[in-house]
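Structure data follow from query-v7.cif (mmCIF, N, CA and C atoms):
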data_upload
loop_
_atom_site.label_atom_id
_atom_site.label_comp_id
_atom_site.auth_asym_id
_atom_site.auth_seq_id
_atom_site.Cartn_x
_atom_site.Cartn_y
_atom_site.Cartn_z
N MET A 1 31.48 -155.50 199.39
CA MET A 1 32.67 -155.08 198.66
C MET A 1 33.77 -154.78 199.65
N PHE A 2 34.96 -155.23 199.31
CA PHE A 2 36.11 -154.88 200.10
C PHE A 2 36.43 -153.43 199.81
N ASP A 3 37.08 -152.80 200.75
CA ASP A 3 37.52 -151.44 200.49
C ASP A 3 38.58 -151.45 199.41
N GLU A 4 38.86 -150.30 198.92
CA GLU A 4 39.90 -150.18 197.91
C GLU A 4 41.23 -150.58 198.54
N ILE A 5 41.92 -151.49 197.89
CA ILE A 5 43.19 -151.99 198.39
C ILE A 5 44.31 -151.35 197.60
N LYS A 6 45.29 -150.82 198.31
CA LYS A 6 46.44 -150.20 197.67
C LYS A 6 47.64 -151.12 197.80
N VAL A 7 48.25 -151.46 196.67
CA VAL A 7 49.43 -152.30 196.68
C VAL A 7 50.64 -151.38 196.85
N PRO A 8 51.42 -151.58 197.92
CA PRO A 8 52.55 -150.69 198.15
C PRO A 8 53.65 -150.87 197.09
N LEU A 9 54.47 -149.91 196.97
CA LEU A 9 55.63 -149.87 196.07
C LEU A 9 55.28 -149.63 194.61
N ILE A 10 54.15 -150.11 194.13
CA ILE A 10 53.82 -149.90 192.72
C ILE A 10 52.62 -148.99 192.56
N ASP A 11 52.10 -148.49 193.66
CA ASP A 11 50.98 -147.55 193.65
C ASP A 11 49.81 -148.05 192.81
N LEU A 12 49.41 -149.29 193.06
CA LEU A 12 48.29 -149.90 192.36
C LEU A 12 47.09 -149.93 193.29
N LYS A 13 45.94 -149.48 192.79
CA LYS A 13 44.72 -149.48 193.58
C LYS A 13 43.77 -150.52 193.00
N LEU A 14 43.28 -151.41 193.85
CA LEU A 14 42.36 -152.46 193.43
C LEU A 14 41.04 -152.31 194.17
N LYS A 15 39.96 -152.44 193.44
CA LYS A 15 38.63 -152.47 194.06
C LYS A 15 38.15 -153.91 193.95
N LEU A 16 38.22 -154.62 195.06
CA LEU A 16 37.85 -156.02 195.08
C LEU A 16 36.43 -156.18 195.60
N ASN A 17 35.72 -157.15 195.05
CA ASN A 17 34.37 -157.44 195.51
C ASN A 17 34.13 -158.94 195.40
N ALA A 18 32.92 -159.37 195.66
CA ALA A 18 32.58 -160.80 195.65
C ALA A 18 32.84 -161.43 194.29
N GLY A 19 32.71 -160.68 193.23
CA GLY A 19 32.95 -161.22 191.89
C GLY A 19 34.37 -161.72 191.72
N TYR A 20 35.33 -160.98 192.23
CA TYR A 20 36.73 -161.40 192.15
C TYR A 20 36.94 -162.69 192.93
N LEU A 21 36.30 -162.80 194.09
CA LEU A 21 36.42 -164.01 194.89
C LEU A 21 35.85 -165.21 194.15
N LEU A 22 34.72 -165.04 193.48
CA LEU A 22 34.10 -166.15 192.75
C LEU A 22 34.87 -166.51 191.49
N VAL A 23 35.40 -165.52 190.80
CA VAL A 23 36.09 -165.78 189.54
C VAL A 23 37.50 -166.33 189.77
N PHE A 24 38.22 -165.76 190.73
CA PHE A 24 39.63 -166.14 190.91
C PHE A 24 39.90 -166.97 192.16
N GLY A 25 38.93 -167.11 193.05
CA GLY A 25 39.13 -167.86 194.29
C GLY A 25 39.55 -169.30 194.10
N PRO A 26 38.84 -170.09 193.27
CA PRO A 26 39.26 -171.48 193.08
C PRO A 26 40.68 -171.61 192.52
N LEU A 27 41.04 -170.72 191.61
CA LEU A 27 42.40 -170.76 191.05
C LEU A 27 43.43 -170.48 192.14
N LEU A 28 43.18 -169.50 192.98
CA LEU A 28 44.12 -169.19 194.06
C LEU A 28 44.23 -170.34 195.05
N ILE A 29 43.11 -170.99 195.37
CA ILE A 29 43.14 -172.13 196.29
C ILE A 29 43.98 -173.26 195.70
N VAL A 30 43.79 -173.56 194.42
CA VAL A 30 44.55 -174.63 193.77
C VAL A 30 46.04 -174.27 193.72
N LEU A 31 46.37 -173.02 193.43
CA LEU A 31 47.77 -172.62 193.41
C LEU A 31 48.43 -172.78 194.78
N VAL A 32 47.71 -172.45 195.84
CA VAL A 32 48.24 -172.61 197.19
C VAL A 32 48.42 -174.10 197.51
N ILE A 33 47.45 -174.93 197.16
CA ILE A 33 47.56 -176.37 197.40
C ILE A 33 48.76 -176.94 196.65
N LEU A 34 48.92 -176.55 195.39
CA LEU A 34 50.06 -177.04 194.60
C LEU A 34 51.38 -176.55 195.18
N ALA A 35 51.43 -175.31 195.62
CA ALA A 35 52.66 -174.78 196.22
C ALA A 35 53.01 -175.56 197.48
N ILE A 36 52.04 -175.82 198.32
CA ILE A 36 52.29 -176.59 199.54
C ILE A 36 52.75 -178.00 199.18
N HIS A 37 52.10 -178.60 198.20
CA HIS A 37 52.43 -179.97 197.81
C HIS A 37 53.86 -180.08 197.27
N PHE A 38 54.26 -179.15 196.43
CA PHE A 38 55.57 -179.26 195.79
C PHE A 38 56.70 -178.63 196.59
N LEU A 39 56.41 -177.72 197.50
CA LEU A 39 57.46 -177.03 198.23
C LEU A 39 57.67 -177.55 199.66
N ARG A 40 56.84 -178.44 200.11
CA ARG A 40 56.97 -178.95 201.47
C ARG A 40 58.17 -179.89 201.57
N GLU A 41 58.61 -180.09 202.80
CA GLU A 41 59.68 -181.03 203.04
C GLU A 41 59.09 -182.43 203.11
N ASP A 42 59.82 -183.41 202.63
CA ASP A 42 59.32 -184.78 202.64
C ASP A 42 59.79 -185.57 203.85
N LEU A 43 59.93 -184.91 204.96
CA LEU A 43 60.32 -185.60 206.18
C LEU A 43 59.06 -186.07 206.90
N PRO A 44 58.98 -187.35 207.27
CA PRO A 44 57.77 -187.85 207.93
C PRO A 44 57.38 -187.08 209.18
N ARG A 45 58.35 -186.57 209.95
CA ARG A 45 58.00 -185.87 211.19
C ARG A 45 57.35 -184.52 210.92
N THR A 46 57.50 -183.97 209.71
CA THR A 46 56.91 -182.67 209.40
C THR A 46 55.62 -182.78 208.61
N ARG A 47 55.23 -183.98 208.26
CA ARG A 47 54.09 -184.14 207.35
C ARG A 47 52.80 -184.51 208.06
N GLY A 48 52.83 -184.90 209.30
CA GLY A 48 51.60 -185.24 210.00
C GLY A 48 51.30 -186.72 209.94
N LYS A 49 50.16 -187.10 210.51
CA LYS A 49 49.77 -188.50 210.54
C LYS A 49 48.64 -188.75 209.55
N LYS A 50 48.61 -189.98 209.07
CA LYS A 50 47.55 -190.37 208.13
C LYS A 50 46.38 -190.92 208.95
N ASP A 51 45.45 -190.05 209.29
CA ASP A 51 44.26 -190.46 209.99
C ASP A 51 43.06 -189.69 209.43
N LEU A 52 41.89 -190.09 209.85
CA LEU A 52 40.67 -189.49 209.31
C LEU A 52 40.59 -188.00 209.62
N LYS A 53 40.98 -187.61 210.82
CA LYS A 53 40.92 -186.19 211.20
C LYS A 53 41.83 -185.35 210.30
N ASN A 54 43.02 -185.84 210.03
CA ASN A 54 43.95 -185.13 209.16
C ASN A 54 43.38 -185.06 207.74
N GLY A 55 42.77 -186.15 207.28
CA GLY A 55 42.17 -186.17 205.94
C GLY A 55 41.02 -185.19 205.81
N LEU A 56 40.17 -185.11 206.84
CA LEU A 56 39.05 -184.18 206.81
C LEU A 56 39.54 -182.74 206.84
N PHE A 57 40.59 -182.47 207.61
CA PHE A 57 41.16 -181.13 207.66
C PHE A 57 41.72 -180.74 206.29
N ARG A 58 42.37 -181.68 205.63
CA ARG A 58 42.93 -181.41 204.30
C ARG A 58 41.85 -181.24 203.24
N ALA A 59 40.65 -181.73 203.49
CA ALA A 59 39.56 -181.61 202.52
C ALA A 59 38.94 -180.22 202.51
N ILE A 60 39.24 -179.39 203.49
CA ILE A 60 38.62 -178.07 203.58
C ILE A 60 38.96 -177.19 202.36
N PRO A 61 40.22 -177.04 201.95
CA PRO A 61 40.50 -176.19 200.78
C PRO A 61 39.82 -176.66 199.49
N PRO A 62 39.85 -177.98 199.15
CA PRO A 62 39.13 -178.39 197.93
C PRO A 62 37.62 -178.15 198.03
N LEU A 63 37.05 -178.33 199.22
CA LEU A 63 35.62 -178.05 199.39
C LEU A 63 35.35 -176.55 199.24
N GLY A 64 36.27 -175.72 199.72
CA GLY A 64 36.13 -174.27 199.53
C GLY A 64 36.17 -173.90 198.05
N ALA A 65 37.09 -174.53 197.31
CA ALA A 65 37.18 -174.28 195.86
C ALA A 65 35.89 -174.72 195.17
N ALA A 66 35.36 -175.88 195.57
CA ALA A 66 34.12 -176.37 194.96
C ALA A 66 32.95 -175.45 195.29
N PHE A 67 32.90 -174.95 196.52
CA PHE A 67 31.83 -174.03 196.91
C PHE A 67 31.89 -172.74 196.09
N LEU A 68 33.09 -172.17 195.94
CA LEU A 68 33.22 -170.94 195.15
C LEU A 68 32.87 -171.18 193.69
N SER A 69 33.24 -172.35 193.17
CA SER A 69 32.91 -172.68 191.79
C SER A 69 31.40 -172.80 191.61
N LEU A 70 30.73 -173.41 192.56
CA LEU A 70 29.27 -173.51 192.49
C LEU A 70 28.64 -172.13 192.53
N GLN A 71 29.16 -171.26 193.39
CA GLN A 71 28.63 -169.90 193.47
C GLN A 71 28.87 -169.13 192.17
N PHE A 72 29.98 -169.43 191.49
CA PHE A 72 30.26 -168.82 190.18
C PHE A 72 29.09 -169.06 189.24
N PHE A 73 28.60 -170.29 189.21
CA PHE A 73 27.49 -170.63 188.30
C PHE A 73 26.16 -170.10 188.79
N LEU A 74 25.95 -170.07 190.09
CA LEU A 74 24.66 -169.66 190.62
C LEU A 74 24.47 -168.15 190.68
N LEU A 75 25.55 -167.39 190.90
CA LEU A 75 25.40 -165.98 191.22
C LEU A 75 25.90 -165.01 190.15
N LEU A 76 26.52 -165.49 189.10
CA LEU A 76 27.01 -164.59 188.05
C LEU A 76 26.24 -164.81 186.76
N ALA A 77 25.85 -163.72 186.13
CA ALA A 77 25.12 -163.77 184.86
C ALA A 77 25.37 -162.47 184.11
N PRO A 78 25.10 -162.46 182.79
CA PRO A 78 25.22 -161.18 182.06
C PRO A 78 24.27 -160.15 182.66
N LYS A 79 24.63 -158.90 182.50
CA LYS A 79 23.83 -157.80 183.08
C LYS A 79 22.36 -157.90 182.65
N GLY A 80 21.49 -157.80 183.63
CA GLY A 80 20.06 -157.81 183.38
C GLY A 80 19.46 -159.18 183.12
N GLU A 81 20.24 -160.25 183.21
CA GLU A 81 19.73 -161.59 182.90
C GLU A 81 19.79 -162.54 184.09
N CYS A 82 19.83 -162.02 185.29
CA CYS A 82 19.96 -162.89 186.46
C CYS A 82 18.85 -163.93 186.56
N ASN A 83 17.62 -163.52 186.29
CA ASN A 83 16.49 -164.45 186.45
C ASN A 83 16.27 -165.33 185.23
N THR A 84 16.78 -164.94 184.08
CA THR A 84 16.48 -165.69 182.85
C THR A 84 17.67 -166.42 182.25
N PHE A 85 18.88 -166.14 182.70
CA PHE A 85 20.07 -166.73 182.10
C PHE A 85 20.21 -168.19 182.48
N GLN A 86 20.33 -169.06 181.48
CA GLN A 86 20.55 -170.48 181.73
C GLN A 86 22.04 -170.69 181.96
N ARG A 87 22.40 -171.11 183.15
CA ARG A 87 23.81 -171.24 183.52
C ARG A 87 24.54 -172.27 182.68
N SER A 88 23.84 -173.24 182.12
CA SER A 88 24.48 -174.25 181.27
C SER A 88 25.06 -173.62 180.00
N ARG A 89 24.57 -172.44 179.63
CA ARG A 89 25.14 -171.75 178.46
C ARG A 89 26.61 -171.41 178.67
N LEU A 90 27.01 -171.18 179.92
CA LEU A 90 28.42 -170.91 180.20
C LEU A 90 29.30 -172.09 179.82
N LEU A 91 28.77 -173.30 179.93
CA LEU A 91 29.56 -174.50 179.65
C LEU A 91 29.49 -174.96 178.20
N PHE A 92 28.39 -174.67 177.52
CA PHE A 92 28.19 -175.30 176.22
C PHE A 92 28.03 -174.35 175.04
N GLU A 93 28.05 -173.04 175.26
CA GLU A 93 27.91 -172.09 174.16
C GLU A 93 29.12 -171.17 174.10
N TRP A 94 29.49 -170.79 172.88
CA TRP A 94 30.61 -169.87 172.68
C TRP A 94 30.10 -168.45 172.84
N LEU A 95 29.99 -168.00 174.07
CA LEU A 95 29.58 -166.63 174.37
C LEU A 95 30.79 -165.72 174.25
N HIS A 96 30.54 -164.44 174.10
CA HIS A 96 31.62 -163.47 174.12
C HIS A 96 31.89 -163.06 175.56
N ALA A 97 33.10 -162.59 175.81
CA ALA A 97 33.46 -162.15 177.16
C ALA A 97 32.47 -161.08 177.62
N PHE A 98 32.12 -161.13 178.88
CA PHE A 98 31.21 -160.13 179.42
C PHE A 98 31.57 -159.85 180.87
N GLN A 99 31.15 -158.69 181.32
CA GLN A 99 31.32 -158.32 182.72
C GLN A 99 30.05 -158.80 183.43
N PRO A 100 30.16 -159.83 184.27
CA PRO A 100 28.95 -160.39 184.86
C PRO A 100 28.33 -159.47 185.91
N GLU A 101 27.06 -159.72 186.11
CA GLU A 101 26.34 -159.06 187.20
C GLU A 101 26.26 -160.05 188.34
N TYR A 102 26.50 -159.60 189.54
CA TYR A 102 26.38 -160.43 190.73
C TYR A 102 24.90 -160.47 191.08
N CYS A 103 24.31 -161.65 191.05
CA CYS A 103 22.86 -161.78 191.16
C CYS A 103 22.32 -161.76 192.59
N MET A 104 23.05 -161.23 193.48
CA MET A 104 22.56 -160.90 194.82
C MET A 104 22.67 -159.38 194.85
N TYR A 105 21.96 -158.76 195.71
CA TYR A 105 21.96 -157.30 195.69
C TYR A 105 23.35 -156.74 195.98
N LEU A 106 23.83 -155.91 195.11
CA LEU A 106 25.04 -155.11 195.33
C LEU A 106 24.76 -153.72 194.78
N PRO A 107 25.31 -152.69 195.37
CA PRO A 107 25.12 -151.35 194.84
C PRO A 107 25.65 -151.25 193.40
N ALA A 108 25.09 -150.33 192.64
CA ALA A 108 25.49 -150.16 191.24
C ALA A 108 26.98 -149.86 191.10
N GLU A 109 27.52 -149.10 192.03
CA GLU A 109 28.96 -148.78 191.98
C GLU A 109 29.80 -150.05 192.10
N THR A 110 29.37 -150.96 192.97
CA THR A 110 30.09 -152.22 193.13
C THR A 110 29.95 -153.08 191.89
N GLN A 111 28.77 -153.11 191.29
CA GLN A 111 28.56 -153.90 190.07
C GLN A 111 29.47 -153.43 188.94
N GLU A 112 29.78 -152.14 188.90
CA GLU A 112 30.65 -151.60 187.86
C GLU A 112 32.07 -152.13 187.97
N HIS A 113 32.46 -152.57 189.15
CA HIS A 113 33.83 -153.03 189.37
C HIS A 113 33.95 -154.55 189.36
N MET A 114 32.97 -155.23 188.81
CA MET A 114 33.06 -156.68 188.69
C MET A 114 34.12 -157.03 187.65
N PRO A 115 34.80 -158.17 187.83
CA PRO A 115 35.81 -158.55 186.84
C PRO A 115 35.15 -159.07 185.56
N TRP A 116 35.82 -158.91 184.45
CA TRP A 116 35.34 -159.44 183.18
C TRP A 116 35.68 -160.92 183.11
N LEU A 117 34.81 -161.71 182.50
CA LEU A 117 35.12 -163.10 182.25
C LEU A 117 36.03 -163.18 181.03
N PHE A 118 36.87 -164.20 180.99
CA PHE A 118 37.80 -164.36 179.89
C PHE A 118 37.06 -164.68 178.60
N GLU A 119 37.73 -164.52 177.50
CA GLU A 119 37.16 -164.83 176.18
C GLU A 119 37.63 -166.21 175.76
N PRO A 120 36.83 -167.14 175.44
CA PRO A 120 35.39 -167.25 175.67
C PRO A 120 35.11 -167.68 177.11
N PRO A 121 34.00 -167.28 177.67
CA PRO A 121 33.65 -167.65 179.05
C PRO A 121 33.54 -169.16 179.26
N MET A 122 33.35 -169.90 178.16
CA MET A 122 33.25 -171.36 178.27
C MET A 122 34.51 -171.94 178.91
N LEU A 123 35.67 -171.42 178.55
CA LEU A 123 36.92 -171.93 179.12
C LEU A 123 36.99 -171.66 180.62
N GLN A 124 36.59 -170.49 181.00
CA GLN A 124 36.61 -170.16 182.42
C GLN A 124 35.59 -171.00 183.19
N ALA A 125 34.44 -171.24 182.60
CA ALA A 125 33.42 -172.05 183.27
C ALA A 125 33.91 -173.49 183.46
N TRP A 126 34.55 -174.06 182.44
CA TRP A 126 35.07 -175.42 182.59
C TRP A 126 36.21 -175.46 183.61
N MET A 127 36.99 -174.40 183.67
CA MET A 127 38.04 -174.35 184.69
C MET A 127 37.44 -174.33 186.09
N GLN A 128 36.27 -173.72 186.23
CA GLN A 128 35.60 -173.71 187.53
C GLN A 128 35.20 -175.13 187.95
N ILE A 129 35.03 -176.02 186.99
CA ILE A 129 34.72 -177.42 187.31
C ILE A 129 36.00 -178.22 187.53
N ILE A 130 37.01 -177.96 186.73
CA ILE A 130 38.25 -178.74 186.78
C ILE A 130 39.10 -178.39 188.00
N LEU A 131 39.15 -177.13 188.39
CA LEU A 131 40.02 -176.71 189.49
C LEU A 131 39.72 -177.41 190.82
N PRO A 132 38.47 -177.52 191.26
CA PRO A 132 38.22 -178.26 192.50
C PRO A 132 38.61 -179.74 192.39
N VAL A 133 38.47 -180.33 191.21
CA VAL A 133 38.86 -181.72 191.01
C VAL A 133 40.38 -181.85 191.15
N ILE A 134 41.12 -180.92 190.57
CA ILE A 134 42.58 -180.91 190.71
C ILE A 134 42.96 -180.76 192.18
N ALA A 135 42.31 -179.82 192.86
CA ALA A 135 42.61 -179.59 194.28
C ALA A 135 42.37 -180.86 195.09
N LEU A 136 41.26 -181.51 194.88
CA LEU A 136 40.94 -182.73 195.63
C LEU A 136 41.91 -183.85 195.29
N THR A 137 42.28 -183.97 194.03
CA THR A 137 43.22 -185.01 193.61
C THR A 137 44.58 -184.83 194.28
N VAL A 138 45.09 -183.61 194.29
CA VAL A 138 46.39 -183.35 194.90
C VAL A 138 46.34 -183.60 196.41
N VAL A 139 45.27 -183.17 197.05
CA VAL A 139 45.14 -183.36 198.50
C VAL A 139 45.05 -184.84 198.84
N ILE A 140 44.28 -185.61 198.07
CA ILE A 140 44.16 -187.05 198.33
C ILE A 140 45.50 -187.73 198.09
N LYS A 141 46.17 -187.37 197.00
CA LYS A 141 47.49 -187.97 196.72
C LYS A 141 48.47 -187.67 197.84
N ASP A 142 48.48 -186.44 198.30
CA ASP A 142 49.37 -186.05 199.38
C ASP A 142 49.02 -186.79 200.67
N TRP A 143 47.76 -186.89 200.97
CA TRP A 143 47.34 -187.58 202.21
C TRP A 143 47.67 -189.06 202.16
N ARG A 144 47.52 -189.68 200.98
CA ARG A 144 47.80 -191.11 200.85
C ARG A 144 49.28 -191.44 200.97
N THR A 145 50.14 -190.47 200.69
CA THR A 145 51.58 -190.73 200.78
C THR A 145 52.15 -190.40 202.15
N LEU A 146 51.30 -190.02 203.09
CA LEU A 146 51.77 -189.73 204.45
C LEU A 146 52.33 -191.00 205.09
N ALA A 147 53.31 -190.80 205.93
CA ALA A 147 53.81 -191.91 206.73
C ALA A 147 52.78 -192.24 207.80
N GLY A 148 52.41 -193.47 207.93
CA GLY A 148 51.37 -193.87 208.85
C GLY A 148 51.88 -194.04 210.19
#
Just give me the structure of the file as structure tokens.
Amino acid sequence: MFDEIKVPLIDLKLKLNAGYLLVFGPLLIVLVILAIHFLREDLPRTRGKKDLKNGLFRAIPPLGAAFLSLQFFLLLAPKGECNTFQRSRLLFEWLHAFQPEYCMYLPAETQEHMPWLFEPPMLQAWMQIILPVIALTVVIKDWRTLAG
């Protein structure tokens, strides 16, 4: 668990943990990729070269989003159901919103501060699949338009 983070000026205290990273990480990665894609300058000298090394470097953020999305399915489950919960239910059943349990050991205090999944969790689960695809698509499109 991260320590309690205080946001200056608005006196907001956040208790962040691995659950927040798994639930919101892919979305944040995609937002950063989209911001870079749409806000960058289109000058060839500032965009880099189109080579394999540049392409592999650009693949790191989409792979990170895919990794976090996979962990979302493997490590989050309703409280007390870590060993018995079928993860496919997140994708195909209309479950009610729940505060997931992180299925690796975390202290009870940390488990209490896990983020709630949106209502219905099915939408959030499908977004966990779609977001890495969007990230990879934007990165490939951007890399293909580089000046060679």
Go through the shown structure with the PyMOL selection byres (((chain A and resi 121 and name CA) around 7) and name CA) and write out the matching residues as JSON, numbers by chain.
-> {"A": [90, 95, 96, 97, 117, 118, 119, 120, 122, 123, 124, 125]}
Explicit residue set for the PyMOL selection byres (((chain A and resi 69 and name CA) around 9) and name CA), as a list in words |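 Expected selection for the PyMOL selection byres (((chain A and resi 69 and name CA) around 9) and name CA) here is Leu22, Val23, Gly25, Pro26, Gly64, Ala65, Ala66, Phe67, Leu68, Leu70, Gln71, Phe72, Phe73, Leu74, Ala125, Met127, Gln128, Ile129, Leu131 and Pro132 of chain A.
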Taking the backbone alone, and naming residues the way the document does, which bits of region 70-111 of chain A are helix (DSSP H, G or I) by DSSP, as a list in words?
->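 Of region 70-111 of chain A, the ones in helix (DSSP H, G or I) are Leu70, Gln71, Phe72, Phe73, Leu74, Leu75, Arg89, Leu90, Leu91, Phe92, Ala108, Glu109, Thr110 and Gln111 of chain A.
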Could you tell me which residues the PyMOL selection byres ((chain A and resi 135) around 7) returns for this structure, as a VMD selection string?
-> chain A and resid 29 to 30 33 61 to 62 130 to 134 136 to 140
Atomic separation - CA of Ile60 (chain A) relative to CA of Ala35 (chain A), Å = 16.2 Å
Have a look at atom N of Leu16 (chain A) and atom N of Met114 (chain A) and let me know their distance in Å, one decimal.
->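 Calculated distance between atom N of Leu16 (chain A) and atom N of Met114 (chain A) is 8.2 Å.
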Point-to-point distance in Å for CA of Leu27 (chain A) and CA of Gln99 (chain A) =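 Distance between the two atoms: 18.6 Å.
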Enumerate the residues of region 5-147 of chain A with a DSSP assignment of strand (DSSP E), computed from the backbone, and present them as a PyMOL selection string.
-> chain A and resi 5-7+12-15+76-77+101-102
